Every structure is written in C-alpha cells, then in structure tokens.
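Have a look at the structure below before the remarks.
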Number of protein chains: 2
Amino acid sequence: MAETVTIQGDLELLARTAHLFSSVREEFVCAARDLDTWPHHGARQAARDRVRHSGAPRIRKLYSPAALADEHSREHLSQLVDRGGQVRIADAALPHETIIIDRRYAILAGASAPGGREYTVTGAPTLVGGVHALFEAAWEAATNLGDFLRAERPQLDAGSRTVLRALGSGVTDATAARELGMSLRTYRRRVAELLDTLDAESRFQAGVRAGELGLNR
Amino acid sequence: MAETVTIQGDLELLARTAHLFSSVREEFVCAARDLDTWPHHGARQAARDRVRHSGAPRIRKLYSPAALADEHSREHLSQLVDRGGQVRIADAALPHETIIIDRRYAILAGASAPGGREYTVTGAPTLVGGVHALFEAAWEAATNLGDFLRAERPQLDAGSRTVLRALGSGVTDATAARELGMSLRTYRRRVAELLDTLDAESRFQAGVRAGELGLNR
DNA sequence: TCCCCGATGGCAGCAAGCTGCCAGGGGCTC
DNA sequence: GAGCCCCTGGCAGCTTGCTGCCATCGGGGA
C-alpha cells in the first residue's frame, strides 16, 4: 500500500483496510461522534477475539456525548469496557472520525462525496504521529465513561436525597414524614417535586430513574 | 531477595514487597476472596498511576462472588474497570489469595499465624510459572464482572416484563390494564406479584430495584 | 412597623392503589 | 360427567397517595 491513499465509500474502505484491522497488535485507537459512524463490523469481531487472549492490544475509544444518546449504545459501550477496552467521552463534537492502529496506520474520515464517503488511509510516520498526538491530547482531556455517567446524574440537594431514601425504604408516606420530622403534606410536596425533577409520572417510574442513575445511596 | 521467602504479618509484607508493587511493568494479577483481603493501599495507588499512562500494565483481578456482597465493593470494582482493569468473578471461593507480578514474582497468602498472617513471596520461575498457569485456568473459567452482574438479575417471565414496562411507562393501572388487554384486577395482581418477586414494599422501591437491575428494557 | 414572600402544615376531597371475597370458565385427571 | 385446580374478573371496602385551598409562621426589605 502506498503511504497515503484516498478511498471512496464504506465498502471499499472495508475491503482495503480489513487486513489492517486484523493485524492490530498493541493499540487500537478510535475517535468518533457515535457508534454508528464506523461500519467495521469485521474489525469489531477481530478486536473482540484478540481481547480474549493474553497480549491483547490496548483498545481506546473516544466518543462525543452523542454516543450516549440511546440505551442501546450505552449497553454496547459498557460491554466494550467489560472486555477490557477503555472508553472516554470528550466534550467536543469529534466530527472527523479517526482510527489509529499501533501508531503505524491512521484512517481518517472526510466529507461525504457522491460516490460515498471519502476516507484517507496513511502509514506515513509523521502523519500518523501527528494524528496520534492530537488524539492523546483529546484523550487526556476527556473523561472516563464510568465517571461521565456518574456525573450525568442530576444533582439533588440534601433534602431530596433524604426523601429519596425514605421512598426507597418502602415505608408509607405517614411513616416517612414522621421519621423525617415533617408533616405529611410537606413530605408529599417533596415527593411531588422529586417526581418533577426526575421527570417521572409515577412513583414507580421515579424509582426506575433513581435506580438507573444510582441515586439511591 | 532470596528466591522464596516467608513473611509474617501484613506490615512486614508491605515493607518487603513495596518495591515489587511499584515495579509492575506488564501485568498485575490478583486473585482473592474479596476486596478486604489485601492491605496493599500503596500498591493500589501505584497501579492507579500507571494505568493513567500509556504502556500501562494489564491488570486482572479475580474475585469470589463474595466480593460483590456490599455496594461499596461493587462501586470500587466498577471504578477499577473504568480505569482499564479487568475484573472477573469465579465460582470458587479462592481462599488462598494470590498476586502475580509480570510473571516474575508471586505472592501467596497462607494461614493466619500468631505473629500475623503468613505470606510466601517467590521469584522462582517454575513456581511462578505454575501459579500463573493455575491462575490462567481459573481466569478462563470465570465470568466478566459486567456479565456476572447482568446474569445476577432475577429472571422474569414475559408477562412480568410486560407489566414492568407498563409500570415504567408511567400510566395509571386502568390504562395499563386496558393496553395489556387484561382486567384492572388482574393487572394489579400482576403488579403485586412483581413487587413480591422483587422483594419490594412499595412501587417506588420496585422501581429502584428494576432500575438497578436494568430490568426496564 | 408594615408588607411581602416563601415555606410549612392542616383540611378536605378526589384519584389511585390494594386486597379479600366470590363467581365463572377452561383444562385436567379419574 | 364429576370433581378438581388454577386463572381470571367483578365487586366492595379500605388504605394510600395526590393536590387545591387556606391559615400560619418566620425572615428579610422598604
């Protein structure tokens, strides 16, 4: 392969770079806006297989917050982490998707063209090095997936947390109000406010949200 | 250091092995019953620092299900995973805690003795190799932390899941029953059964459980 | 001081949720 | 078919949750 080539369309990209994806030895680095960006299903399988064995490459993926939009993506990302990959979320939008393999090859996505999207694949050391340095900078600035998800939970004041715990303990409103030293009316006001901030229409729904967000602690 | 030494007590272990923990280059392997077993706080910090940089050692930790007993430990483990460590849960009890560093040194915990717990530290290749092989076998047989947690969720039949979704959608019982094509009475029976299997005393509590267990899908 | 404002709590009425009881109804075995 | 069992649904009565309304209270600010 020439040091730098331009490729049109996903299919050709797959055909021309499949051997690169399956040759990953040490590091597979990927930056993208969301999970739908790269169509490299074969590569995913190869990467998965490799992680299972010792001497696995280090896998790092950097996404925009957009990658967390739907539940399905979240599930996928957490599975990625389970398999030993590292996932971080950047503040930036990451419009130009990038893959770097073993610091030897870089694949950069460009604009859409009539014949499909345009990609640049290069093995030129200076180019790859530069791209890698940029990635490192973005990587360092980004936050861990787990931390990001934890930070995402709405910040509740101490009062709301108390009410939350009372609700979670399963007691009736009367008991909870007594334990918290407030009237039934006020307690129910707090509950109603909590449902409002959690955007829930029923107590059950609020419980689900609280459980998902790990607020019940 | 002699090839194999026996050490009494946690303090001496720390003193004699601190340099080993900070010398980890490629792989840090640990098997233990739970998180309280090893007192190596310094090592944790060292490992943490290393993971932040490239060329990080591969960290693998194998625990018994007992390590998941309390919420605090779960939190700690998931943070470990966030930082790029791999955590698996074994079916076995793992009574003999083991640490292997770079396949060069092994630390094995033994029985409690009057002068503190007894530890064996060795750098003998055959010994370390043997221990490592045993660890690999146990590791392969164990399941990923994430998978384990997912499998832990109680299995609900299709009907219960439907009810769960209805509850999660936030509609009233009357609406839900109509949508599910059953009477109000039966729907409420289903809800009551669900609360029972989730061991919840209120709908909110059931919601929390469902959210925690990721059942709301 | 007076007024305003926000938070609280009591009350009342309604809506929603919970459950015991009993009456079908369908499938099963004998 | 008879008896049995389990599931369902209606009814009723009760508890719990929800909220509008109003009175009260305490802390600023004009």
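Residues are named by chain letter and number: chains run A, B, ... in the order of the structure tokens, numbers start at 1 in each chain, and ligands are numbered from 1 in the order shown.
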
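Backbone DSSP over region 110-185 of chain A gives strand (DSSP E) for Gly110, Ala111, Ser112, Ala113, Gly116, Arg117, Glu118, Tyr119, Thr120, Val121, Thr122, Thr143 and Asn144 of chain A.
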
I'd like a table as a Markdown table: residues in chain A with an atom no more than 9 Å from chain D, each row giving the shortest atom pair and its distance in Å to one decimal, only C-alpha atoms (C1' of nucleotides) counted, sorted by chain and rising residue number.
| residue | atom | partner | partner_atom | distance |
| --- | --- | --- | --- | --- |
| A:Thr172 | CA | D:DT16 | C1' | 7.8 |
| A:Asp173 | CA | D:DT16 | C1' | 8.2 |
| A:Arg188 | CA | D:DC18 | C1' | 8.0 |
| A:Ala192 | CA | D:DC18 | C1' | 8.6 |

Now that the selection is made, can you save its residues with all heavy atoms as an mmCIF file, in the first residue's frame?
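The result, stored in out_14.cif:
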data_model
loop_
_atom_site.group_PDB
_atom_site.id
_atom_site.type_symbol
_atom_site.label_atom_id
_atom_site.label_comp_id
_atom_site.auth_asym_id
_atom_site.auth_seq_id
_atom_site.Cartn_x
_atom_site.Cartn_y
_atom_site.Cartn_z
ATOM 1 N N THR A 172 -44.593 3.805 54.314
ATOM 2 C CA THR A 172 -45.677 4.660 53.833
ATOM 3 C C THR A 172 -45.302 6.130 54.031
ATOM 4 O O THR A 172 -44.367 6.454 54.763
ATOM 5 C CB THR A 172 -46.969 4.393 54.609
ATOM 6 O OG1 THR A 172 -46.761 4.796 55.965
ATOM 7 C CG2 THR A 172 -47.337 2.931 54.559
ATOM 8 N N ASP A 173 -46.060 6.995 53.385
ATOM 9 C CA ASP A 173 -45.780 8.421 53.485
ATOM 10 C C ASP A 173 -45.862 8.896 54.933
ATOM 11 O O ASP A 173 -45.043 9.697 55.384
ATOM 12 C CB ASP A 173 -46.780 9.209 52.640
ATOM 13 C CG ASP A 173 -46.494 9.030 51.161
ATOM 14 O OD1 ASP A 173 -45.669 8.168 50.830
ATOM 15 O OD2 ASP A 173 -47.094 9.764 50.361
ATOM 16 N N ARG A 188 -45.235 14.984 51.108
ATOM 17 C CA ARG A 188 -45.798 14.700 49.784
ATOM 18 C C ARG A 188 -45.439 15.795 48.795
ATOM 19 O O ARG A 188 -45.308 15.546 47.597
ATOM 20 C CB ARG A 188 -47.312 14.534 49.902
ATOM 21 C CG ARG A 188 -47.633 13.216 50.569
ATOM 22 C CD ARG A 188 -49.097 12.896 50.566
ATOM 23 N NE ARG A 188 -49.296 11.539 51.048
ATOM 24 C CZ ARG A 188 -50.396 11.121 51.650
ATOM 25 N NH1 ARG A 188 -51.398 11.938 51.844
ATOM 26 N NH2 ARG A 188 -50.495 9.879 52.055
ATOM 27 N N ALA A 192 -43.580 15.048 45.330
ATOM 28 C CA ALA A 192 -44.073 15.578 44.056
ATOM 29 C C ALA A 192 -42.967 16.346 43.340
ATOM 30 O O ALA A 192 -42.778 16.205 42.128
ATOM 31 C CB ALA A 192 -45.280 16.473 44.296
#

* Asked: Using the chain letters and numbers from this document, which residues of region 73-169 of chain A does DSSP assign to alpha helix (DSSP H), as number ranges by chain?
  -> A: 73-82, 125-141, 145-152, 158-169

* Quick one: which residues from chain C are at most 9 Å off chain A, using only C-alpha atoms (C1' of nucleotides), as a ChimeraX atom specification? -> /C:8-10

How close does each residue of chain A get to chain B, giving the shortest atom pair and distance in Å to one decimal for every residue with an atom at most 8 Å away, counting only C-alpha atoms, sorted by chain and residue number, as a Markdown table?
| residue | atom | partner | partner_atom | distance |
| --- | --- | --- | --- | --- |
| A:Ser78 | CA | B:Gly146 | CA | 8.0 |
| A:Gln79 | CA | B:Gly146 | CA | 7.3 |
| A:Val81 | CA | B:Val81 | CA | 7.1 |
| A:Asp82 | CA | B:Gly146 | CA | 5.7 |
| A:Arg83 | CA | B:Gln86 | CA | 7.5 |
| A:Gly84 | CA | B:Gln86 | CA | 5.8 |
| A:Gly85 | CA | B:Gly84 | CA | 6.8 |
| A:Gln86 | CA | B:Gly84 | CA | 5.8 |
| A:Asn144 | CA | B:Asp82 | CA | 6.6 |
| A:Leu145 | CA | B:Asp82 | CA | 7.1 |
| A:Gly146 | CA | B:Asp82 | CA | 5.8 |
| A:Asp147 | CA | B:Asp82 | CA | 7.8 |
| A:Leu167 | CA | B:Phe204 | CA | 6.5 |
| A:Gly168 | CA | B:Gln205 | CA | 4.9 |
| A:Ser169 | CA | B:Gln205 | CA | 6.9 |
| A:Gly170 | CA | B:Glu201 | CA | 5.0 |
| A:Val171 | CA | B:Glu201 | CA | 7.3 |
| A:Ala200 | CA | B:Gly170 | CA | 7.0 |
| A:Glu201 | CA | B:Gly170 | CA | 5.0 |
| A:Ser202 | CA | B:Gly170 | CA | 5.1 |
| A:Arg203 | CA | B:Phe204 | CA | 5.0 |
| A:Phe204 | CA | B:Phe204 | CA | 4.3 |
| A:Gln205 | CA | B:Gly168 | CA | 4.9 |
| A:Ala206 | CA | B:Phe204 | CA | 6.8 |
| A:Gly207 | CA | B:Gly207 | CA | 4.0 |
| A:Val208 | CA | B:Gly207 | CA | 4.2 |
| A:Arg209 | CA | B:Gly211 | CA | 6.3 |
| A:Ala210 | CA | B:Val208 | CA | 6.0 |
| A:Gly211 | CA | B:Val208 | CA | 4.2 |
| A:Glu212 | CA | B:Gly211 | CA | 4.5 |
| A:Gly214 | CA | B:Glu212 | CA | 7.1 |
| A:Asn216 | CA | B:Val208 | CA | 7.6 |

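One distance worth recording is that between CA of Ser73 (chain A) and CA of Thr197 (chain A), which is 24.6 Å.
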
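Counting from CA of Gly116 (chain A), the distance to CA of Thr98 (chain A) is 17.1 Å.
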
* Find the spatial neighbours of Leu108 (chain A), counting only C-alpha atoms (C1' of nucleotides), within a cut-off of 7 Å - ignore same-chain residues fewer than 4 positions away - and output them as JSON, numbers by chain. => {"A": [96, 97, 98, 99, 119, 120, 121]}

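Here CA of Arg117 (chain A) is placed at a distance of 16.7 Å from CA of Thr4 (chain A).
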